[in-house]
$ cat model14.tsv   # TSV, C-alpha atoms and all ligand atoms
chain	number	residue	atom	x	y	z
K	30	MET	CA	0.00	0.00	0.00
K	31	LEU	CA	2.86	2.36	0.80
K	32	GLU	CA	4.63	1.29	-2.39
K	33	GLN	CA	1.49	2.03	-4.37
K	34	GLY	CA	1.22	5.36	-2.54
K	35	LEU	CA	4.77	6.23	-3.58
K	36	LYS	CA	3.96	5.37	-7.19
K	37	ASP	CA	0.89	7.57	-6.95
K	38	GLY	CA	3.04	10.48	-5.81
K	39	ALA	CA	2.80	10.35	-2.01
K	40	LYS	CA	5.67	12.30	-0.48
K	41	VAL	CA	4.88	12.55	3.22
K	42	PHE	CA	4.27	9.46	5.32
K	43	GLY	CA	2.81	9.63	8.82
K	44	LEU	CA	4.37	6.73	10.69
K	45	ALA	CA	3.49	4.87	13.86
K	46	THR	CA	5.31	2.80	16.46
K	47	GLY	CA	4.30	-0.11	18.69
K	48	SER	CA	4.38	-3.82	17.89
K	49	THR	CA	1.69	-3.60	15.20
K	50	PRO	CA	3.64	-1.88	12.40
K	51	GLU	CA	6.77	-3.98	12.99
K	52	THR	CA	5.87	-6.54	10.31
K	53	LEU	CA	5.09	-3.73	7.88
K	54	TYR	CA	8.54	-2.22	8.48
K	55	GLN	CA	10.18	-5.65	8.12
K	56	GLU	CA	8.50	-6.07	4.75
K	57	LEU	CA	9.52	-2.60	3.64
K	58	ASN	CA	13.12	-3.29	4.67
K	59	LYS	CA	13.14	-6.39	2.47
K	60	SER	CA	11.57	-4.59	-0.49
K	61	ASN	CA	13.05	-2.34	-3.17
K	62	VAL	CA	10.95	0.59	-2.07
K	63	ASP	CA	12.90	3.83	-2.13
K	64	PHE	CA	12.08	6.53	0.43
K	65	THR	CA	15.09	8.75	-0.28
K	66	ASN	CA	12.81	11.46	-1.65
K	67	SER	CA	10.17	10.98	1.05
K	68	ILE	CA	9.49	12.66	4.36
K	69	SER	CA	8.29	10.90	7.50
K	70	VAL	CA	6.35	12.54	10.29
K	71	ASN	CA	5.82	10.30	13.32
K	72	LEU	CA	2.82	10.35	15.60
K	73	ASP	CA	4.36	10.59	19.02
K	74	GLU	CA	7.19	10.30	21.53
K	75	TYR	CA	7.50	9.70	25.26
K	76	VAL	CA	8.34	12.75	27.34
K	77	GLY	CA	11.82	12.41	28.82
K	78	LEU	CA	13.18	9.89	26.32
K	79	GLY	CA	15.68	10.77	23.60
K	80	LYS	CA	17.00	8.99	20.55
K	81	GLU	CA	19.66	7.10	22.57
K	82	ASP	CA	17.03	5.59	24.87
K	83	LYS	CA	16.10	2.16	23.58
K	84	GLN	CA	12.45	2.61	24.57
K	85	SER	CA	12.09	5.92	22.74
K	86	TYR	CA	10.08	6.00	19.55
K	87	SER	CA	12.98	7.79	17.91
K	88	TYR	CA	15.26	4.80	18.64
K	89	PHE	CA	12.50	2.42	17.49
K	90	MET	CA	12.10	4.15	14.13
K	91	ASN	CA	15.84	4.26	13.45
K	92	ASP	CA	16.22	0.64	14.43
K	93	ARG	CA	13.15	-0.77	12.65
K	94	LEU	CA	13.11	1.33	9.49
K	95	PHE	CA	15.23	4.42	8.96
K	96	ASP	CA	18.64	2.75	9.40
K	97	THR	CA	17.77	0.41	6.54
K	98	LYS	CA	15.48	2.65	4.51
K	99	PRO	CA	16.72	6.21	4.62
K	100	PHE	CA	14.25	9.04	4.05
K	101	LYS	CA	15.04	12.57	2.91
K	102	GLU	CA	13.78	13.92	6.25
K	103	ASN	CA	12.47	12.26	9.42
K	104	TYR	CA	10.44	14.09	12.03
K	105	LEU	CA	9.43	12.97	15.53
K	106	PRO	CA	8.50	15.15	18.48
K	107	ASP	CA	11.50	15.72	20.77
K	108	GLY	CA	10.68	14.05	24.08
K	109	LYS	CA	13.64	15.77	25.71
K	110	ALA	CA	12.68	19.31	24.67
K	111	SER	CA	13.12	21.72	27.60
K	112	ASP	CA	9.93	23.59	26.67
K	113	LEU	CA	7.26	21.06	25.76
K	114	ASP	CA	4.65	23.63	24.72
K	115	LYS	CA	7.13	25.18	22.30
K	116	GLU	CA	7.97	21.71	21.00
K	117	CYS	CA	4.25	21.15	20.29
K	118	GLU	CA	4.10	24.43	18.35
K	119	LYS	CA	7.23	23.47	16.44
K	120	TYR	CA	5.73	20.10	15.57
K	121	ASN	CA	2.51	21.72	14.36
K	122	GLU	CA	4.57	23.88	12.03
K	123	ILE	CA	6.35	20.78	10.71
K	124	ILE	CA	3.00	19.09	10.04
K	125	ALA	CA	1.61	22.21	8.38
K	126	LYS	CA	4.67	22.41	6.10
K	127	ASN	CA	4.49	18.69	5.30
K	128	PRO	CA	0.85	17.70	4.86
K	129	ILE	CA	0.57	13.96	5.37
K	130	ASP	CA	-0.33	11.91	2.30
K	131	ILE	CA	-0.61	8.52	4.00
K	132	GLN	CA	-0.94	8.09	7.76
K	133	ILE	CA	-0.27	4.68	9.31
K	134	LEU	CA	-2.07	4.13	12.62
K	135	GLY	CA	-2.18	1.44	15.27
K	136	ILE	CA	-4.85	1.53	17.96
K	137	GLY	CA	-4.66	1.31	21.73
K	138	GLN	CA	-6.77	-1.19	23.66
K	139	ASN	CA	-8.79	1.79	24.88
K	140	GLY	CA	-9.28	3.09	21.34
K	141	HIS	CA	-6.51	5.68	21.40
K	142	ILE	CA	-4.76	6.77	18.22
K	143	GLY	CA	-1.27	8.21	18.48
K	144	PHE	CA	-1.30	8.89	22.20
K	145	ASN	CA	-4.66	10.67	22.08
K	146	GLU	CA	-6.40	9.10	25.02
K	147	PRO	CA	-10.20	8.80	25.56
K	148	GLY	CA	-11.71	12.21	26.23
K	149	THR	CA	-9.41	14.06	23.83
K	150	ASN	CA	-11.14	16.68	21.70
K	151	PHE	CA	-11.27	15.83	18.01
K	152	ASP	CA	-9.82	19.16	16.90
K	153	VAL	CA	-6.62	19.21	18.97
K	154	GLU	CA	-3.20	19.55	17.42
K	155	THR	CA	0.09	18.34	18.93
K	156	GLN	CA	-0.21	18.19	22.69
K	157	VAL	CA	1.37	16.93	25.89
K	158	VAL	CA	-0.67	13.95	27.04
K	159	ASP	CA	-0.99	12.27	30.44
K	160	LEU	CA	-0.98	8.55	29.68
K	161	THR	CA	-3.81	6.48	31.12
K	162	GLU	CA	-3.30	3.43	33.30
K	163	SER	CA	-4.51	1.22	30.43
K	164	THR	CA	-1.85	2.60	28.07
K	165	ILE	CA	0.92	2.42	30.68
K	166	ASN	CA	-0.01	-1.20	31.37
K	167	ALA	CA	-0.17	-2.10	27.69
K	168	ASN	CA	3.22	-0.51	26.99
K	169	LYS	CA	5.10	-1.75	30.06
K	170	LYS	CA	6.28	-4.80	28.09
K	171	TYR	CA	8.89	-2.57	26.45
K	172	PHE	CA	10.36	-1.45	29.80
K	173	ASP	CA	12.17	-3.30	32.60
K	174	ASN	CA	9.41	-2.39	35.02
K	175	ILE	CA	6.23	-0.34	35.09
K	176	GLU	CA	7.85	2.51	37.05
K	177	GLU	CA	10.07	3.20	34.05
K	178	VAL	CA	7.15	3.84	31.69
K	179	PRO	CA	6.93	7.61	31.21
K	180	SER	CA	3.68	9.09	32.44
K	181	GLN	CA	3.50	11.64	29.65
K	182	ALA	CA	3.97	11.77	25.90
K	183	LEU	CA	3.91	14.29	23.07
K	184	SER	CA	1.32	13.31	20.50
K	185	MET	CA	0.18	14.60	17.16
K	186	GLY	CA	-3.44	15.61	17.75
K	187	ILE	CA	-6.55	14.06	16.29
K	188	GLY	CA	-7.18	17.25	14.28
K	189	SER	CA	-3.86	16.77	12.49
K	190	ILE	CA	-4.36	13.04	11.98
K	191	MET	CA	-7.74	13.74	10.37
K	192	LYS	CA	-6.12	16.12	7.87
K	193	SER	CA	-4.08	13.23	6.39
K	194	LYS	CA	-5.23	12.46	2.85
K	195	LYS	CA	-5.32	8.71	3.41
K	196	ILE	CA	-5.29	6.71	6.65
K	197	VAL	CA	-4.37	3.06	7.11
K	198	LEU	CA	-5.18	1.62	10.55
K	199	ILE	CA	-3.71	-1.76	11.47
K	200	ALA	CA	-4.69	-3.94	14.45
K	201	TYR	CA	-3.94	-7.50	15.45
K	202	GLY	CA	-5.09	-9.68	18.33
K	203	LEU	CA	-8.06	-10.25	20.62
K	204	GLU	CA	-6.97	-7.47	22.94
K	205	LYS	CA	-7.83	-5.00	20.16
K	206	SER	CA	-11.25	-6.51	19.38
K	207	ASP	CA	-13.29	-4.19	21.62
K	208	ALA	CA	-11.49	-1.11	20.32
K	209	ILE	CA	-12.08	-2.24	16.71
K	210	LYS	CA	-15.77	-2.92	17.32
K	211	ASN	CA	-16.27	0.42	19.02
K	212	MET	CA	-14.31	2.23	16.31
K	213	ILE	CA	-16.30	0.74	13.43
K	214	GLU	CA	-19.73	0.00	14.85
K	215	GLY	CA	-20.01	2.32	17.82
K	216	SER	CA	-21.04	5.95	17.80
K	217	VAL	CA	-18.53	8.69	17.13
K	218	THR	CA	-17.47	9.71	20.60
K	219	LYS	CA	-14.50	11.22	22.40
K	220	ASP	CA	-14.58	8.13	24.65
K	221	VAL	CA	-13.24	6.14	21.70
K	222	PRO	CA	-10.78	8.44	19.92
K	223	ALA	CA	-10.49	6.13	16.87
K	224	SER	CA	-14.24	6.42	16.25
K	225	VAL	CA	-13.53	9.84	14.72
K	226	LEU	CA	-12.17	7.96	11.70
K	227	GLN	CA	-15.79	7.26	10.69
K	228	LYS	CA	-15.78	10.90	9.60
K	229	HIS	CA	-12.72	10.57	7.33
K	230	ASN	CA	-13.34	9.77	3.68
K	231	ASP	CA	-10.34	7.53	2.99
K	232	VAL	CA	-9.58	5.01	5.71
K	233	THR	CA	-8.38	1.45	5.17
K	234	VAL	CA	-8.56	-0.88	8.18
K	235	ILE	CA	-6.30	-3.95	8.17
K	236	ILE	CA	-7.13	-6.41	10.95
K	237	ASP	CA	-6.65	-10.08	11.69
K	238	LYS	CA	-9.40	-12.55	12.59
K	239	ASP	CA	-8.98	-11.98	16.34
K	240	ALA	CA	-9.15	-8.20	16.16
K	241	ALA	CA	-12.23	-8.52	13.91
K	242	SER	CA	-13.93	-11.14	16.09
K	243	LYS	CA	-16.40	-8.82	17.86
K	244	LEU	CA	-17.67	-7.13	14.70
K	245	SER	CA	-21.27	-8.05	13.96
K	246	ILE	CA	-20.62	-8.42	10.24
K	247	PHE	CA	-17.62	-10.67	10.24
K	248	MET	CA	-16.85	-13.04	7.42
K	249	VAL	CA	-13.61	-14.87	6.78
K	250	LEU	CA	-12.80	-14.73	3.09
K	251	PRO	CA	-10.73	-17.41	1.42
K	252	PHE	CA	-7.23	-16.08	0.73
K	253	GLN	CA	-7.80	-15.62	-3.02
K	254	GLN	CA	-10.71	-13.29	-2.43
K	255	ILE	CA	-8.87	-10.83	-0.19
O	1	LIG	C1	1.18	3.18	21.62
O	1	LIG	C2	1.36	4.13	20.45
O	1	LIG	C3	0.24	3.99	19.46
O	1	LIG	C4	0.02	2.53	19.12
O	1	LIG	C5	-0.35	1.78	20.37
O	1	LIG	C6	-0.61	0.31	20.13
O	1	LIG	O1	0.35	3.67	22.59
O	1	LIG	N1	1.44	5.48	20.86
O	1	LIG	O2	0.55	4.74	18.29
O	1	LIG	O3	-0.99	2.42	18.18
O	1	LIG	O4	0.74	1.91	21.27
O	1	LIG	O5	0.58	-0.42	20.28
O	1	LIG	P1	0.79	-1.90	19.84
O	1	LIG	O6	0.86	-1.88	18.34
O	1	LIG	O7	2.10	-2.30	20.45
O	1	LIG	O8	-0.36	-2.66	20.35
$ encode --input "model14.tsv" --output "structure tokens"
Amino acid sequence: MLEQGLKDGAKVFGLATGSTPETLYQELNKSNVDFTNSISVNLDEYVGLGKEDKQSYSYFMNDRLFDTKPFKENYLPDGKASDLDKECEKYNEIIAKNPIDIQILGIGQNGHIGFNEPGTNFDVETQVVDLTESTINANKKYFDNIEEVPSQALSMGIGSIMKSKKIVLIAYGLEKSDAIKNMIEGSVTKDVPASVLQKHNDVTVIIDKDAASKLSIFMVLPFQQI
């Protein structure tokens, strides 16, 4: 899909972290796809972590993709910025200068996108977010212990995500099944940030059988038909 996007002229890719996009990045690393004229703008970063910290999203992106597939420019919020509000403004300017052609999204178990937790207004831009207990618990697997998980993050806002021309949301596993059901079949509500995607006109959702298992219209297609 990203390769097709490149062929169709996409220049700016909104990228995500977490375990979900790892297979996508592995496939891209193995492919001939060339991002040397492309720009990446990532969704988020933990407050207090920098690119040398193995748990930072900056480290993750270098390790999983950018070291193998160089881009012309890579942008992530700076989790170590001394003035976080200024960093948010700076990131908004970066997004405004580089409108996102294709945005890759994962989804949190509580329906968050980026680090926009339940209750976030749909029109917000980059902001400092207090992470919820659910998110801290879900992400603790990447840290030695739960105390090390930062309690805050910088996240591109839902308003900016919604301005992306095309959105591809990926989710795997039973633990995402409630979020997927609520996102697709529930009402559009701040309680489920991903439900806002119902209002976007170009969203592709890629899910496995487990993540799809709570949808009321759920049919497994033979491989050839997909
Ligand atoms: C984090 C990221 C999200 C991601 C979510 C799901 O909270 N900020 O962008 O979608 O985790 O992560 P995983 O793919 O590991 O389930």
$ atom_distance --input "model14.tsv" --atom1 "atom C4 of ligand LIG 1 (chain O)" --atom2 "CA of Asp96 in chain K"
21.0 Å
$ residues_near_ligand --input "model14.tsv" --ligand "ligand LIG 1 (chain O)" --cutoff "10 Å" --atoms "all atoms listed in the file" --output "CSV table (one decimal) with C-alpha atoms, keeping the file's coordinate frame"
chain,number,residue,atom,x,y,z
K,44,LEU,CA,4.4,6.7,10.7
K,45,ALA,CA,3.5,4.9,13.9
K,46,THR,CA,5.3,2.8,16.5
K,47,GLY,CA,4.3,-0.1,18.7
K,48,SER,CA,4.4,-3.8,17.9
K,49,THR,CA,1.7,-3.6,15.2
K,50,PRO,CA,3.6,-1.9,12.4
K,51,GLU,CA,6.8,-4.0,13.0
K,71,ASN,CA,5.8,10.3,13.3
K,72,LEU,CA,2.8,10.4,15.6
K,73,ASP,CA,4.4,10.6,19.0
K,74,GLU,CA,7.2,10.3,21.5
K,75,TYR,CA,7.5,9.7,25.3
K,86,TYR,CA,10.1,6.0,19.6
K,133,ILE,CA,-0.3,4.7,9.3
K,134,LEU,CA,-2.1,4.1,12.6
K,135,GLY,CA,-2.2,1.4,15.3
K,136,ILE,CA,-4.8,1.5,18.0
K,137,GLY,CA,-4.7,1.3,21.7
K,138,GLN,CA,-6.8,-1.2,23.7
K,139,ASN,CA,-8.8,1.8,24.9
K,140,GLY,CA,-9.3,3.1,21.3
K,141,HIS,CA,-6.5,5.7,21.4
K,142,ILE,CA,-4.8,6.8,18.2
K,143,GLY,CA,-1.3,8.2,18.5
K,144,PHE,CA,-1.3,8.9,22.2
K,145,ASN,CA,-4.7,10.7,22.1
K,146,GLU,CA,-6.4,9.1,25.0
K,160,LEU,CA,-1.0,8.6,29.7
K,161,THR,CA,-3.8,6.5,31.1
K,163,SER,CA,-4.5,1.2,30.4
K,164,THR,CA,-1.8,2.6,28.1
K,165,ILE,CA,0.9,2.4,30.7
K,167,ALA,CA,-0.2,-2.1,27.7
K,168,ASN,CA,3.2,-0.5,27.0
K,170,LYS,CA,6.3,-4.8,28.1
K,171,TYR,CA,8.9,-2.6,26.4
K,182,ALA,CA,4.0,11.8,25.9
K,183,LEU,CA,3.9,14.3,23.1
K,184,SER,CA,1.3,13.3,20.5
K,185,MET,CA,0.2,14.6,17.2
K,198,LEU,CA,-5.2,1.6,10.6
K,199,ILE,CA,-3.7,-1.8,11.5
K,200,ALA,CA,-4.7,-3.9,14.4
K,201,TYR,CA,-3.9,-7.5,15.4
K,202,GLY,CA,-5.1,-9.7,18.3
K,204,GLU,CA,-7.0,-7.5,22.9
K,205,LYS,CA,-7.8,-5.0,20.2
$ atom_distance --input "model14.tsv" --atom1 "CA of Gly79 in chain K" --atom2 "CA of Gly108 in chain K"
6.0 Å
$ residues_near_point --input "model14.tsv" --point "(-1.2, 9.6, 7.7)" --cutoff "8 Å" --atoms "all atoms listed in the file" --output "MDAnalysis selection string"
chainID K and resid 42:44 129:134 190 193:197
$ residues_near_point --input "model14.tsv" --point "(-21.2, -2.3, 9.8)" --cutoff "7 Å" --atoms "all atoms listed in the file" --output "list in words"
Ile213, Glu214 and Ile246 of chain K
$ residues_around --input "model14.tsv" --residues "Leu78 in chain K" --least-positions-apart "3" --cutoff "12 Å" --atoms "only C-alpha atoms" --output "ChimeraX atom specification"
/K:73-75,81-89,105-111,177-183
$ closest_residue --input "model14.tsv" --among "K:Met191, K:Gly215, K:Glu176, K:Leu244" --to "His229 in chain K" --atoms "all atoms listed in the file"
K:Met191
$ closest_residue --input "model14.tsv" --among "K:Ala240, K:Asp173, K:Phe151, K:Ser189" --to "Glu122 in chain K" --atoms "only C-alpha atoms"
K:Ser189
$ atom_distance --input "model14.tsv" --atom1 "CA of Glu102 in chain K" --atom2 "CA of Thr155 in chain K"
19.2 Å
$ closest_residue --input "model14.tsv" --among "K:Glu116, K:Asp37, K:Glu32, K:Asp231" --to "Asn61 in chain K" --atoms "only C-alpha atoms"
K:Glu32
$ residues_around --input "model14.tsv" --residues "Asp152 in chain K" --least-positions-apart "2" --cutoff "9 Å" --atoms "only C-alpha atoms" --output "ChimeraX atom specification"
/K:149-150,154,186-189,191
$ closest_residue --input "model14.tsv" --among "K:Met90, K:Val232, K:Ala125, K:Ala223" --to "Asn103 in chain K" --atoms "all atoms listed in the file"
K:Met90
$ closest_residue --input "model14.tsv" --among "K:Ser69, K:Asp63, K:Val41, K:Ile175" --to "Pro128 in chain K" --atoms "only C-alpha atoms"
K:Val41
$ closest_residue --input "model14.tsv" --among "K:Val158, K:Ile235, K:Cys117, K:Ala241" --to "Leu53 in chain K" --atoms "all atoms listed in the file"
K:Ile235
